[in-house]
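Structure data follow from data.csv (CSV, N, CA, C and O atoms):
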chain,number,residue,atom,x,y,z
A,1,MET,N,12.4,-8.6,-22.3
A,1,MET,CA,11.3,-7.7,-22.8
A,1,MET,C,11.8,-7.2,-24.2
A,1,MET,O,12.9,-6.9,-24.4
A,2,THR,N,10.8,-7.0,-25.0
A,2,THR,CA,11.1,-6.4,-26.3
A,2,THR,C,11.0,-4.9,-26.2
A,2,THR,O,10.4,-4.4,-25.3
A,3,VAL,N,11.5,-4.2,-27.2
A,3,VAL,CA,11.4,-2.8,-27.3
A,3,VAL,C,9.9,-2.4,-27.4
A,3,VAL,O,9.5,-1.4,-26.7
A,4,ASP,N,9.2,-3.1,-28.1
A,4,ASP,CA,7.7,-2.8,-28.3
A,4,ASP,C,7.0,-2.9,-26.9
A,4,ASP,O,6.2,-2.1,-26.6
A,5,GLN,N,7.4,-3.9,-26.1
A,5,GLN,CA,6.7,-4.1,-24.8
A,5,GLN,C,7.1,-2.9,-23.9
A,5,GLN,O,6.2,-2.4,-23.2
A,6,VAL,N,8.3,-2.5,-24.0
A,6,VAL,CA,8.8,-1.4,-23.1
A,6,VAL,C,8.1,-0.1,-23.6
A,6,VAL,O,7.6,0.7,-22.7
A,7,GLU,N,8.0,0.1,-24.9
A,7,GLU,CA,7.4,1.4,-25.4
A,7,GLU,C,5.9,1.4,-25.1
A,7,GLU,O,5.3,2.5,-25.0
A,8,ASN,N,5.2,0.3,-25.1
A,8,ASN,CA,3.8,0.2,-25.0
A,8,ASN,C,3.3,0.0,-23.6
A,8,ASN,O,2.1,0.0,-23.3
A,9,TRP,N,4.2,-0.2,-22.6
A,9,TRP,CA,3.7,-0.6,-21.3
A,9,TRP,C,2.9,0.5,-20.6
A,9,TRP,O,1.9,0.3,-19.9
A,10,PRO,N,3.1,1.8,-20.9
A,10,PRO,CA,2.3,2.8,-20.3
A,10,PRO,C,0.8,2.7,-20.7
A,10,PRO,O,-0.1,2.8,-19.9
A,11,ASP,N,0.6,2.4,-22.0
A,11,ASP,CA,-0.8,2.2,-22.5
A,11,ASP,C,-1.4,1.0,-21.9
A,11,ASP,O,-2.6,1.0,-21.6
A,12,ARG,N,-0.6,-0.1,-21.8
A,12,ARG,CA,-1.2,-1.3,-21.2
A,12,ARG,C,-1.5,-1.0,-19.7
A,12,ARG,O,-2.6,-1.5,-19.2
A,13,ILE,N,-0.7,-0.3,-19.0
A,13,ILE,CA,-1.0,0.0,-17.6
A,13,ILE,C,-2.2,0.8,-17.4
A,13,ILE,O,-3.1,0.6,-16.6
A,14,ASN,N,-2.3,1.9,-18.3
A,14,ASN,CA,-3.4,2.8,-18.2
A,14,ASN,C,-4.7,2.1,-18.6
A,14,ASN,O,-5.8,2.6,-18.3
A,15,ALA,N,-4.7,1.0,-19.3
A,15,ALA,CA,-5.9,0.3,-19.7
A,15,ALA,C,-6.5,-0.6,-18.6
A,15,ALA,O,-7.6,-1.0,-18.7
A,16,VAL,N,-5.7,-0.8,-17.6
A,16,VAL,CA,-6.2,-1.6,-16.4
A,16,VAL,C,-7.2,-0.9,-15.7
A,16,VAL,O,-7.1,0.3,-15.3
A,17,THR,N,-8.4,-1.5,-15.4
A,17,THR,CA,-9.5,-0.9,-14.7
A,17,THR,C,-9.4,-1.1,-13.2
A,17,THR,O,-8.7,-2.0,-12.7
A,18,VAL,N,-10.1,-0.3,-12.4
A,18,VAL,CA,-10.2,-0.5,-11.0
A,18,VAL,C,-10.7,-1.9,-10.7
A,18,VAL,O,-10.3,-2.5,-9.8
A,19,GLU,N,-11.7,-2.3,-11.4
A,19,GLU,CA,-12.3,-3.6,-11.2
A,19,GLU,C,-11.3,-4.7,-11.4
A,19,GLU,O,-11.3,-5.7,-10.6
A,20,GLN,N,-10.4,-4.6,-12.4
A,20,GLN,CA,-9.4,-5.6,-12.6
A,20,GLN,C,-8.4,-5.6,-11.5
A,20,GLN,O,-8.0,-6.7,-11.0
A,21,VAL,N,-8.0,-4.5,-11.0
A,21,VAL,CA,-7.1,-4.4,-9.8
A,21,VAL,C,-7.8,-5.0,-8.6
A,21,VAL,O,-7.2,-5.8,-7.9
A,22,ASN,N,-9.0,-4.7,-8.3
A,22,ASN,CA,-9.7,-5.3,-7.2
A,22,ASN,C,-9.9,-6.8,-7.3
A,22,ASN,O,-9.7,-7.5,-6.3
A,23,ASP,N,-10.2,-7.3,-8.5
A,23,ASP,CA,-10.3,-8.7,-8.7
A,23,ASP,C,-9.0,-9.4,-8.4
A,23,ASP,O,-9.0,-10.5,-7.8
A,24,ALA,N,-7.9,-8.8,-8.9
A,24,ALA,CA,-6.6,-9.4,-8.7
A,24,ALA,C,-6.2,-9.4,-7.2
A,24,ALA,O,-5.7,-10.4,-6.7
A,25,ALA,N,-6.6,-8.3,-6.5
A,25,ALA,CA,-6.3,-8.2,-5.1
A,25,ALA,C,-7.1,-9.3,-4.3
A,25,ALA,O,-6.5,-9.9,-3.4
A,26,ARG,N,-8.3,-9.4,-4.7
A,26,ARG,CA,-9.2,-10.4,-4.0
A,26,ARG,C,-8.6,-11.8,-4.2
A,26,ARG,O,-8.7,-12.7,-3.3
A,27,ALA,N,-8.1,-12.1,-5.4
A,27,ALA,CA,-7.5,-13.4,-5.7
A,27,ALA,C,-6.2,-13.7,-4.9
A,27,ALA,O,-5.9,-14.9,-4.7
A,28,VAL,N,-5.5,-12.7,-4.6
A,28,VAL,CA,-4.2,-12.9,-4.0
A,28,VAL,C,-4.1,-12.6,-2.5
A,28,VAL,O,-3.4,-13.3,-1.8
A,29,LEU,N,-4.7,-11.5,-2.1
A,29,LEU,CA,-4.6,-11.1,-0.7
A,29,LEU,C,-5.6,-11.8,0.2
A,29,LEU,O,-6.7,-12.0,-0.2
A,30,ASP,N,-5.1,-12.1,1.4
A,30,ASP,CA,-6.0,-12.8,2.4
A,30,ASP,C,-5.8,-12.2,3.7
A,30,ASP,O,-4.7,-12.2,4.3
A,31,ASP,N,-6.9,-11.7,4.3
A,31,ASP,CA,-6.8,-11.0,5.6
A,31,ASP,C,-6.2,-11.9,6.7
A,31,ASP,O,-5.6,-11.5,7.6
A,32,LYS,N,-6.5,-13.2,6.6
A,32,LYS,CA,-6.0,-14.2,7.6
A,32,LYS,C,-4.5,-14.4,7.5
A,32,LYS,O,-3.9,-15.1,8.3
A,33,ARG,N,-3.9,-14.0,6.4
A,33,ARG,CA,-2.5,-14.2,6.2
A,33,ARG,C,-1.7,-12.9,6.0
A,33,ARG,O,-0.8,-12.8,5.2
A,34,SER,N,-2.1,-11.9,6.7
A,34,SER,CA,-1.5,-10.6,6.6
A,34,SER,C,-1.0,-10.1,7.9
A,34,SER,O,-1.4,-10.6,9.0
A,35,VAL,N,-0.1,-9.2,7.9
A,35,VAL,CA,0.5,-8.6,9.1
A,35,VAL,C,0.4,-7.1,9.0
A,35,VAL,O,0.7,-6.5,8.0
A,36,THR,N,0.1,-6.5,10.1
A,36,THR,CA,0.1,-5.0,10.2
A,36,THR,C,1.1,-4.6,11.2
A,36,THR,O,1.1,-5.2,12.3
A,37,GLY,N,2.0,-3.7,10.9
A,37,GLY,CA,3.0,-3.3,11.8
A,37,GLY,C,2.9,-1.8,12.1
A,37,GLY,O,2.4,-1.1,11.3
A,38,TRP,N,3.3,-1.5,13.3
A,38,TRP,CA,3.3,-0.1,13.7
A,38,TRP,C,4.7,0.3,13.9
A,38,TRP,O,5.4,-0.3,14.8
A,39,LEU,N,5.2,1.3,13.2
A,39,LEU,CA,6.5,1.9,13.5
A,39,LEU,C,6.4,3.1,14.4
A,39,LEU,O,5.7,4.1,14.0
A,40,LEU,N,6.8,3.0,15.6
A,40,LEU,CA,6.6,4.0,16.6
A,40,LEU,C,7.9,4.7,17.0
A,40,LEU,O,8.9,4.0,17.1
A,41,ARG,N,7.8,6.0,17.3
A,41,ARG,CA,9.0,6.7,17.8
A,41,ARG,C,9.1,6.4,19.3
A,41,ARG,O,8.1,6.0,20.0
A,42,PRO,N,10.3,6.5,19.8
A,42,PRO,CA,10.5,6.2,21.3
A,42,PRO,C,9.7,7.2,22.1
A,42,PRO,O,9.5,8.4,21.7
A,43,LYS,N,9.2,6.8,23.2
A,43,LYS,CA,8.4,7.7,24.1
A,43,LYS,C,9.2,8.9,24.4
A,43,LYS,O,10.4,8.8,24.8
A,44,GLY,N,8.6,10.1,24.3
A,44,GLY,CA,9.3,11.3,24.6
A,44,GLY,C,10.0,11.9,23.4
A,44,GLY,O,10.4,13.1,23.4
A,45,ALA,N,10.2,11.2,22.3
A,45,ALA,CA,10.9,11.7,21.1
A,45,ALA,C,10.0,12.7,20.4
A,45,ALA,O,8.7,12.6,20.5
A,46,LYS,N,10.5,13.7,19.8
A,46,LYS,CA,9.7,14.7,19.1
A,46,LYS,C,10.0,14.7,17.6
A,46,LYS,O,11.1,14.4,17.2
A,47,GLY,N,9.0,15.0,16.9
A,47,GLY,CA,9.2,15.1,15.4
A,47,GLY,C,7.9,15.3,14.8
A,47,GLY,O,6.9,14.6,15.2
A,48,PRO,N,7.8,16.1,13.7
A,48,PRO,CA,6.5,16.3,13.1
A,48,PRO,C,6.0,15.1,12.3
A,48,PRO,O,6.8,14.4,11.7
A,49,GLY,N,4.8,14.8,12.5
A,49,GLY,CA,4.1,13.7,11.7
A,49,GLY,C,4.5,12.3,12.2
A,49,GLY,O,4.2,11.4,11.5
A,50,MET,N,5.3,12.2,13.2
A,50,MET,CA,5.7,10.9,13.7
A,50,MET,C,4.6,10.4,14.7
A,50,MET,O,4.3,11.0,15.6
A,51,PRO,N,4.1,9.1,14.4
A,51,PRO,CA,3.1,8.6,15.3
A,51,PRO,C,3.7,8.2,16.7
A,51,PRO,O,4.8,7.9,16.8
A,52,THR,N,2.8,8.3,17.7
A,52,THR,CA,3.1,7.7,19.0
A,52,THR,C,2.3,6.5,19.2
A,52,THR,O,1.4,6.2,18.4
A,53,ALA,N,2.6,5.7,20.2
A,53,ALA,CA,1.9,4.5,20.5
A,53,ALA,C,0.4,4.7,20.6
A,53,ALA,O,-0.1,5.6,21.2
A,54,PRO,N,-0.4,3.8,19.9
A,54,PRO,CA,-1.8,3.9,20.0
A,54,PRO,C,-2.4,3.5,21.3
A,54,PRO,O,-1.8,2.6,22.0
A,55,VAL,N,-3.4,4.2,21.8
A,55,VAL,CA,-4.0,3.8,23.0
A,55,VAL,C,-5.3,3.0,22.8
A,55,VAL,O,-5.5,2.0,23.4
A,56,THR,N,-6.1,3.4,21.8
A,56,THR,CA,-7.4,2.7,21.6
A,56,THR,C,-7.5,2.3,20.1
A,56,THR,O,-8.6,2.3,19.6
A,57,GLY,N,-6.4,2.0,19.5
A,57,GLY,CA,-6.4,1.6,18.1
A,57,GLY,C,-6.3,2.8,17.2
A,57,GLY,O,-6.3,2.6,16.0
A,58,GLU,N,-6.2,4.0,17.7
A,58,GLU,CA,-6.1,5.2,16.8
A,58,GLU,C,-4.7,5.7,17.0
A,58,GLU,O,-4.1,5.7,18.1
A,59,MET,N,-4.1,6.2,15.9
A,59,MET,CA,-2.8,6.8,16.0
A,59,MET,C,-2.9,8.3,16.4
A,59,MET,O,-3.8,9.0,16.0
A,60,GLU,N,-1.9,8.7,17.2
A,60,GLU,CA,-1.8,10.1,17.5
A,60,GLU,C,-0.7,10.7,16.7
A,60,GLU,O,0.4,10.1,16.7
A,61,THR,N,-0.9,11.8,16.1
A,61,THR,CA,0.2,12.5,15.4
A,61,THR,C,0.4,13.9,15.9
A,61,THR,O,-0.5,14.4,16.5
A,62,HIS,N,1.5,14.4,15.7
A,62,HIS,CA,1.8,15.8,16.1
A,62,HIS,C,2.2,16.6,15.0
A,62,HIS,O,2.8,16.2,14.0
Can you turn what I pasted into structure tokens?
Amino acid sequence: MTVDQVENWPDRINAVTVEQVNDAARAVLDDKRSVTGWLLRPKGAKGPGMPTAPVTGEMETH
């Protein structure tokens, strides 16, 4: 990278529109090739904001 590129990257980033981000995401991301993971605390463990195992697809938080 050049010094000019480093100095000007904030302006270039700020110039990106929501539409451009969405177009790029649609071109790259594929629902059929994605994975969703749930990180769960052990049953009975306590802690603020830590999710417990979902029962009906909804997360329970404390």
What does the distance from atom N of A:Val28 to atom O of A:Val16 come to in Å, to one decimal?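 According to the coordinates, atom N of A:Val28 and atom O of A:Val16 are separated by 16.9 Å.
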What does the distance between atom N of A:Pro10 and atom N of A:Ala25 come to in Å, to one decimal place?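 A separation of 20.1 Å between them.
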d(atom CA of A:Val35, atom CA of A:Asn22) in Å: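 Spanning atom CA of A:Val35 to atom CA of A:Asn22 is a straight-line distance of 19.5 Å.
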